[in-house]
There are 2 protein chains.
Amino acid sequence: MTRSEENYIKTIFHLGGSDSVPIATNAIAEQMETKPSSVTDMAKKLAEKGLVHYKKYQGVSLTDIGVKTALSIIRKHRLWEVFLVKKLDFSWDEVHEVAEQLEHIKSEKLIDKIDELLDFPKFDPHGDPIPSKDGKFMIRDKQLLSDVPIHTDGVCVGVKDTSPTFLKFLDKNNIALGNTIRILDKEEFDQSLHIQMDGKELHISHQIASNLYVKLND
Amino acid sequence: MTRSEENYIKTIFHLGGSDSVPIATNAIAEQMETKPSSVTDMAKKLAEKGLVHYKKYQGVSLTDIGVKTALSIIRKHRLWEVFLVKKLDFSWDEVHEVAEQLEHIKSEKLIDKIDELLDFPKFDPHGDPIPSKDGKFMIRDKQLLSDVPIHTDGVCVGVKDTSPTFLKFLDKNNIALGNTIRILDKEEFDQSLHIQMDGKELHISHQIASNLYVKLND
DNA sequence: AATTAAATTTAGACAAAACTAAAAATTTGT
DNA sequence: ACAAATTTTTAGTTTTGTCTAAATTTAATT
Ligand SMILES: [Mn+2]
Ligand SMILES: [Mn+2]
Ligand SMILES: [Mn+2]
Ligand SMILES: [Mn+2]
């Protein structure tokens with residue numbers, strides 16, 4: 001598989017998941033910052049190789065082999081992200097770019113050894129699940145902080161927006177995965193939240209709350 | 001720089017070193033398992049970019065920038081090889097192939113952190129020197145075991161042939177870098193050597209001796 | 001010095017992956 | 001149901017890196 005093919009497969013997976021819901025040509029093009037005509041070309045090639053289902057004008061969906069392939073690339077991406085953070089002291093806003101390159105390194109042994117070195121992590125630095133060698137991964141029941149009722153406790157377990165700007169903003173405000181959050185109050189006017197996190201009180205906008213995942217304490 | 005450009009630069013360096021000795025088109029082609037006409041095309045492109053000196057029919061040599069570039073790629077290659085051996089338990093015959101991929105990862109921070117994680121190693125698993133960030137590297141005075149006079153002591157510090165077959169052969173015979181070697185006798189007939197290594201006596205062919213580097217004890 | 005051999009370059013072609021512009025199919029709105 | 005808008009595909013180019021075959025230059029031999 002070429003690097004380009006792998007990037008298409010990964011994008012199709014991210015847009016549609018393992019379901020066989022067909023993804024629109026335009027959606028793929030937009031996500032990959034390329035042109036729809038290029039997507040059509042690649043759709044044909046990937047269909048030829050048995051990685052996607054493709055019917056003219058009907059969109060693209062992954063075959064079983066396509067899903068397996070996607071999960072293997074995502075596994076590599078997320079394991080490398082963990083490696084960079086845990087072993088090389090990268091911050092979580094720096095890892096994605098490098099992982100985009102590292103995910104294409106072809107060596108089964110390499111990624112399995114990295115997995116072992118990291119003690120088989122189940123989630124990446126952004127809280128996203130890491131598929132195992134055989135393609136299984138945990139689905140954690142999490143919800144957006146903005147959807148959580150008032151006066152509830154939870155643990156911060158993930159981010160929806162993974163852009164460096166957002167991540168650096170969270171760093172600046174000492175919001176990190178693993179932190180315990182209690183919602184104290186919600187302003188009806190702008191949906192902003194008063195929360196308590198690790199002792200201190202914070203006031204965060206709806207923007208922020210709608211990009212933070214929490215797991216409610218059971 | 002593209003991956004292909006980087007591979008040409010590296011090959012030119014390996015064939016000619018940092019001297020401005022021009023390397024023949026055919027030599028590059030053979031080393032890279034490509035065709036001379038492809039080399040000519042690339043020579044023009046690299047000259048255009050200021051990485052090599054190139055005059056028609058006169059061969060190719062690296063410019064100062066070309067040498068710096070080559071050293072930076074070799075640095076990455078060898079640091080990754082050390083990483084694979086020291087941190088992921090790869091054997092020295094497995095690392096080259098993977099390092100050929102990893103050397104092209106673009107991230108200054110990544111390779112510097114790997115360097116730090118490994119505690120700034122000076123030599124790779126095959127005994128080859130690792131250039132520092134600013135392109136300097138140690139040149140160890142070593143000689144081929146086959147060139148060493150009889151009854152001398154030395155330490156095994158490198159291999160000339162780095163092919164997996166040779167390296168695995170050395171493993172099988174418990175010959176490893178760092179071992180102390182004493183030459184007991186040489187058979188005039190076939191130039192084979194009787195040596196003592198870590199207590200045990202061994203009989204090795206000229207083939208082997210002429211691919212093993214030793215540093216004489218001073 | 002002329003001829004032959006070897007090395008190198010040119011010219012033209014190809015595959016991969018992208019693009020633009022135009023054509024065709026599908027969806028939407030009235 | 002039909003025209004308009006949108007989406008998608010086709011056709012034809014471009015760039016990068018490679019190739020083959022032919023032409024040219026340099027090196028080696030007689
Ligand atoms: Mn990422
Ligand atoms: Mn991630
Ligand atoms: Mn190597
Ligand atoms: Mn090496």
# chains A, B, ... in the order shown; residues from 1 in each chain; ligands from 1
>>> interface_residues(of="chain B", to="chain D", cutoff="12 Å", atoms="only C-alpha atoms (C1' of nucleotides)", output="VMD selection string")
chain B and resid 2 to 5 33 to 42 45 56 to 58
>>> select_by_dssp(residues="range 31-209 of chain B", states="alpha helix (DSSP H)", output="tab-separated table (two decimals) with C-alpha atoms, in the first residue's frame")
chain	number	residue	atom	x	y	z
B	31	GLN	CA	24.60	1.08	-5.65
B	32	MET	CA	21.00	2.27	-5.81
B	36	PRO	CA	22.33	5.45	-15.12
B	37	SER	CA	19.85	7.62	-16.98
B	38	SER	CA	17.84	8.07	-13.81
B	39	VAL	CA	20.99	9.13	-12.00
B	40	THR	CA	21.71	11.74	-14.64
B	41	ASP	CA	18.23	13.19	-14.23
B	42	MET	CA	18.61	13.37	-10.47
B	43	ALA	CA	22.12	14.79	-10.72
B	44	LYS	CA	20.72	17.74	-12.64
B	45	LYS	CA	17.99	18.29	-10.08
B	46	LEU	CA	20.34	18.09	-7.12
B	47	ALA	CA	22.80	20.44	-8.83
B	48	GLU	CA	19.92	22.85	-9.42
B	64	ASP	CA	29.14	21.58	1.55
B	65	ILE	CA	25.38	21.71	1.92
B	66	GLY	CA	25.17	18.26	0.35
B	67	VAL	CA	27.62	16.87	2.90
B	68	LYS	CA	25.70	18.43	5.78
B	69	THR	CA	22.50	16.95	4.43
B	70	ALA	CA	24.07	13.51	4.05
B	71	LEU	CA	25.43	13.58	7.58
B	72	SER	CA	22.04	14.53	8.96
B	73	ILE	CA	20.38	11.58	7.22
B	74	ILE	CA	23.13	9.18	8.33
B	75	ARG	CA	22.78	10.52	11.86
B	76	LYS	CA	19.11	9.70	11.83
B	77	HIS	CA	19.68	6.28	10.30
B	78	ARG	CA	22.24	5.25	12.88
B	79	LEU	CA	20.41	6.69	15.87
B	80	TRP	CA	17.30	4.78	14.87
B	81	GLU	CA	19.39	1.63	14.57
B	82	VAL	CA	20.66	2.11	18.12
B	83	PHE	CA	17.13	2.78	19.31
B	84	LEU	CA	15.83	-0.41	17.75
B	85	VAL	CA	18.58	-2.51	19.32
B	86	LYS	CA	18.76	-0.90	22.75
B	87	LYS	CA	15.14	-0.07	23.41
B	88	LEU	CA	13.19	-2.56	21.34
B	95	VAL	CA	17.62	-2.86	12.02
B	96	HIS	CA	18.94	-1.58	8.72
B	97	GLU	CA	15.77	-2.18	6.73
B	98	VAL	CA	13.57	-0.36	9.24
B	99	ALA	CA	16.09	2.46	9.68
B	100	GLU	CA	15.99	2.99	5.92
B	101	GLN	CA	12.40	4.08	6.45
B	102	LEU	CA	12.79	5.91	9.74
B	108	GLU	CA	14.28	17.76	14.26
B	109	LYS	CA	12.85	17.46	17.74
B	110	LEU	CA	12.13	13.77	17.31
B	111	ILE	CA	15.67	12.76	16.45
B	112	ASP	CA	17.19	14.97	19.12
B	113	LYS	CA	14.94	13.40	21.74
B	114	ILE	CA	15.83	9.92	20.51
B	115	ASP	CA	19.49	10.92	20.79
B	116	GLU	CA	18.89	12.04	24.36
B	117	LEU	CA	16.90	8.92	25.26
B	164	PRO	CA	22.00	-9.88	7.56
B	165	THR	CA	23.54	-13.16	6.47
B	166	PHE	CA	26.99	-12.16	7.68
B	167	LEU	CA	25.65	-10.65	10.91
B	168	LYS	CA	23.61	-13.74	11.69
B	169	PHE	CA	26.65	-15.87	11.01
B	170	LEU	CA	28.62	-13.85	13.56
B	171	ASP	CA	25.81	-14.27	16.10
B	172	LYS	CA	25.85	-18.01	15.60
B	206	HIS	CA	39.86	-15.21	5.67
B	207	GLN	CA	36.38	-14.24	4.38
B	208	ILE	CA	35.32	-13.55	7.95
B	209	ALA	CA	38.54	-11.91	9.09
>>> closest_residue(among="B:Ala24, B:Met1, B:Gly17, B:Phe189", to="chain C", atoms="only C-alpha atoms (C1' of nucleotides)")
B:Ala24
>>> closest_residue(among="C:DA24, C:DT30, C:DA13, C:DT8", to="chain B", atoms="only C-alpha atoms (C1' of nucleotides)")
C:DT8
>>> atom_distance(atom1="CA of Phe137 in chain B", atom2="CA of Lys122 in chain B")
7.6 Å
>>> interface_residues(of="chain C", to="chain A", cutoff="8 Å", atoms="only C-alpha atoms (C1' of nucleotides)", output="PDB file with N, CA and C atoms (P, O5', C5', C4', C3', O3' and C1' of nucleotides), in the first residue's frame")
ATOM      1  P    DA C  17      -0.193   6.361  -5.804  1.00  0.00           P
ATOM      2  O5'  DA C  17      -0.544   7.918  -5.846  1.00  0.00           O
ATOM      3  C5'  DA C  17       0.471   8.854  -5.514  1.00  0.00           C
ATOM      4  C4'  DA C  17       0.046  10.219  -5.965  1.00  0.00           C
ATOM      5  C3'  DA C  17      -1.395  10.606  -5.563  1.00  0.00           C
ATOM      6  O3'  DA C  17      -1.357  11.794  -4.794  1.00  0.00           O
ATOM      7  C1'  DA C  17      -0.932  11.162  -7.810  1.00  0.00           C
ATOM      8  P    DA C  18      -2.704  12.215  -4.012  1.00  0.00           P
ATOM      9  O5'  DA C  18      -3.207  13.500  -4.840  1.00  0.00           O
ATOM     10  C5'  DA C  18      -2.587  14.733  -4.643  1.00  0.00           C
ATOM     11  C4'  DA C  18      -2.432  15.483  -5.946  1.00  0.00           C
ATOM     12  C3'  DA C  18      -3.652  16.250  -6.439  1.00  0.00           C
ATOM     13  O3'  DA C  18      -3.845  17.435  -5.720  1.00  0.00           O
ATOM     14  C1'  DA C  18      -2.366  15.362  -8.238  1.00  0.00           C
ATOM     15  P    DC C  19      -5.220  18.165  -5.757  1.00  0.00           P
ATOM     16  O5'  DC C  19      -5.240  18.984  -7.139  1.00  0.00           O
ATOM     17  C5'  DC C  19      -4.150  19.863  -7.441  1.00  0.00           C
ATOM     18  C4'  DC C  19      -4.265  20.309  -8.885  1.00  0.00           C
ATOM     19  C3'  DC C  19      -5.638  20.875  -9.244  1.00  0.00           C
ATOM     20  O3'  DC C  19      -5.587  22.287  -9.225  1.00  0.00           O
ATOM     21  C1'  DC C  19      -4.876  19.294 -10.895  1.00  0.00           C
ATOM     22  P    DA C  25     -25.156  10.327 -17.872  1.00  0.00           P
ATOM     23  O5'  DA C  25     -25.451  10.450 -16.319  1.00  0.00           O
ATOM     24  C5'  DA C  25     -24.508   9.901 -15.404  1.00  0.00           C
ATOM     25  C4'  DA C  25     -24.866  10.368 -14.011  1.00  0.00           C
ATOM     26  C3'  DA C  25     -26.315  10.072 -13.610  1.00  0.00           C
ATOM     27  O3'  DA C  25     -26.260   9.223 -12.478  1.00  0.00           O
ATOM     28  C1'  DA C  25     -25.712  12.337 -13.119  1.00  0.00           C
ATOM     29  P    DT C  26     -27.600   8.745 -11.712  1.00  0.00           P
ATOM     30  O5'  DT C  26     -27.784   9.881 -10.607  1.00  0.00           O
ATOM     31  C5'  DT C  26     -26.705  10.126  -9.705  1.00  0.00           C
ATOM     32  C4'  DT C  26     -27.080  11.275  -8.781  1.00  0.00           C
ATOM     33  C3'  DT C  26     -28.445  11.134  -8.096  1.00  0.00           C
ATOM     34  O3'  DT C  26     -28.221  11.205  -6.702  1.00  0.00           O
ATOM     35  C1'  DT C  26     -28.187  13.290  -9.035  1.00  0.00           C
TER      36       DT C  26
END
>>> atom_distance(atom1="CA of Asn174 in chain A", atom2="CA of Glu187 in chain A")
21.9 Å
>>> closest_residue(among="B:His126, B:Lys160, B:His14, B:Lys200", to="ligand 4", atoms="only C-alpha atoms and all ligand atoms")
B:His126
>>> select_by_dssp(residues="range 18-149 of chain A", states="strand (DSSP E)", output="count of residues only")
8
>>> closest_residue(among="A:Asp153, A:Asp141, A:Asp124, A:Glu94", to="chain B", atoms="only C-alpha atoms")
A:Glu94
>>> residues_around(residues="Thr63 in chain B", least_positions_apart="3", cutoff="8 Å", atoms="only C-alpha atoms (C1' of nucleotides)", output="list of chain:residue names")
B:Ser20, B:Gly50, B:Leu51, B:Val52, B:His53, B:Gly66, B:Val67
>>> write_last_selection(atoms="C-alpha atoms", output="tab-separated table (two decimals), in the first residue's frame")
chain	number	residue	atom	x	y	z
B	20	SER	CA	34.91	16.40	-3.40
B	50	GLY	CA	22.86	23.32	-4.79
B	51	LEU	CA	23.41	19.94	-3.16
B	52	VAL	CA	25.92	18.53	-5.65
B	53	HIS	CA	28.50	19.68	-8.14
B	66	GLY	CA	25.17	18.26	0.35
B	67	VAL	CA	27.62	16.87	2.90
>>> atom_distance(atom1="CA of Ile175 in chain A", atom2="CA of Ser210 in chain A")
14.0 Å
>>> residues_around(residues="Ser146 in chain B", least_positions_apart="4", cutoff="12 Å", atoms="only C-alpha atoms (C1' of nucleotides)", output="tab-separated table (two decimals) with N, CA and C atoms, in the first residue's frame")
chain	number	residue	atom	x	y	z
B	142	LYS	N	40.82	1.74	13.42
B	142	LYS	CA	40.49	0.31	13.43
B	142	LYS	C	41.11	-0.32	12.19
B	150	ILE	N	50.20	-11.35	13.55
B	150	ILE	CA	49.96	-12.49	14.45
B	150	ILE	C	50.36	-12.13	15.89
B	152	THR	N	48.72	-10.61	18.22
B	152	THR	CA	48.31	-9.31	18.76
B	152	THR	C	46.92	-9.41	19.36
B	160	LYS	N	32.57	-4.80	8.30
B	160	LYS	CA	32.61	-4.17	6.99
B	160	LYS	C	31.38	-4.58	6.19
B	183	ILE	N	44.98	-13.08	18.20
B	183	ILE	CA	45.31	-13.93	17.06
B	183	ILE	C	46.38	-14.92	17.47
B	185	ASP	N	47.27	-17.86	15.59
B	185	ASP	CA	48.04	-18.40	14.48
B	185	ASP	C	47.32	-18.12	13.16
B	186	LYS	N	48.10	-18.12	12.08
B	186	LYS	CA	47.51	-17.92	10.76
B	186	LYS	C	47.96	-19.05	9.84
B	187	GLU	N	47.01	-19.69	9.16
B	187	GLU	CA	47.36	-20.74	8.20
B	187	GLU	C	47.80	-20.07	6.91
B	190	ASP	N	45.42	-20.91	3.45
B	190	ASP	CA	44.18	-20.22	3.08
B	190	ASP	C	43.96	-18.94	3.87
B	191	GLN	N	44.96	-18.47	4.55
B	191	GLN	CA	44.89	-17.23	5.31
B	191	GLN	C	43.88	-17.29	6.46
B	192	SER	N	43.41	-18.45	6.80
B	192	SER	CA	42.46	-18.55	7.90
B	192	SER	C	43.17	-18.33	9.22
B	193	LEU	N	42.41	-17.92	10.24
B	193	LEU	CA	43.01	-17.54	11.52
B	193	LEU	C	42.55	-18.42	12.67
B	194	HIS	N	43.47	-18.72	13.54
B	194	HIS	CA	43.11	-19.34	14.82
B	194	HIS	C	43.10	-18.21	15.83
B	195	ILE	N	41.97	-17.96	16.42
B	195	ILE	CA	41.88	-16.85	17.38
B	195	ILE	C	41.34	-17.32	18.72
B	204	ILE	N	38.64	-19.19	12.13
B	204	ILE	CA	37.78	-18.42	11.20
B	204	ILE	C	38.47	-18.19	9.86
B	205	SER	N	37.66	-18.21	8.84
B	205	SER	CA	38.18	-18.09	7.47
B	205	SER	C	38.65	-16.67	7.18
B	206	HIS	N	39.40	-16.52	6.10
B	206	HIS	CA	39.86	-15.21	5.67
B	206	HIS	C	38.65	-14.33	5.33
B	207	GLN	N	37.67	-14.89	4.66
B	207	GLN	CA	36.38	-14.24	4.38
B	207	GLN	C	35.87	-13.46	5.59
B	208	ILE	N	35.82	-14.16	6.72
B	208	ILE	CA	35.32	-13.55	7.95
B	208	ILE	C	36.27	-12.47	8.43
B	209	ALA	N	37.53	-12.83	8.53
B	209	ALA	CA	38.54	-11.91	9.09
B	209	ALA	C	38.61	-10.62	8.29
B	210	SER	N	38.35	-10.69	7.01
B	210	SER	CA	38.47	-9.50	6.18
B	210	SER	C	37.19	-8.66	6.21
B	211	ASN	N	36.25	-9.04	7.05
B	211	ASN	CA	35.04	-8.24	7.22
B	211	ASN	C	34.80	-7.83	8.66
B	212	LEU	N	35.79	-8.07	9.49
B	212	LEU	CA	35.70	-7.70	10.91
B	212	LEU	C	36.74	-6.65	11.23
B	213	TYR	N	36.30	-5.55	11.83
B	213	TYR	CA	37.24	-4.52	12.25
B	213	TYR	C	37.64	-4.72	13.71
B	214	VAL	N	38.91	-4.54	14.00
B	214	VAL	CA	39.37	-4.59	15.40
B	214	VAL	C	40.17	-3.34	15.70
>>> closest_residue(among="A:Phe90, A:Pro131, A:Asn173, A:Met138", to="chain B", atoms="only C-alpha atoms")
A:Phe90
>>> closest_residue(among="B:Val21, B:Leu202, B:Ile105, B:Ala29", to="chain A", atoms="only C-alpha atoms")
B:Ile105
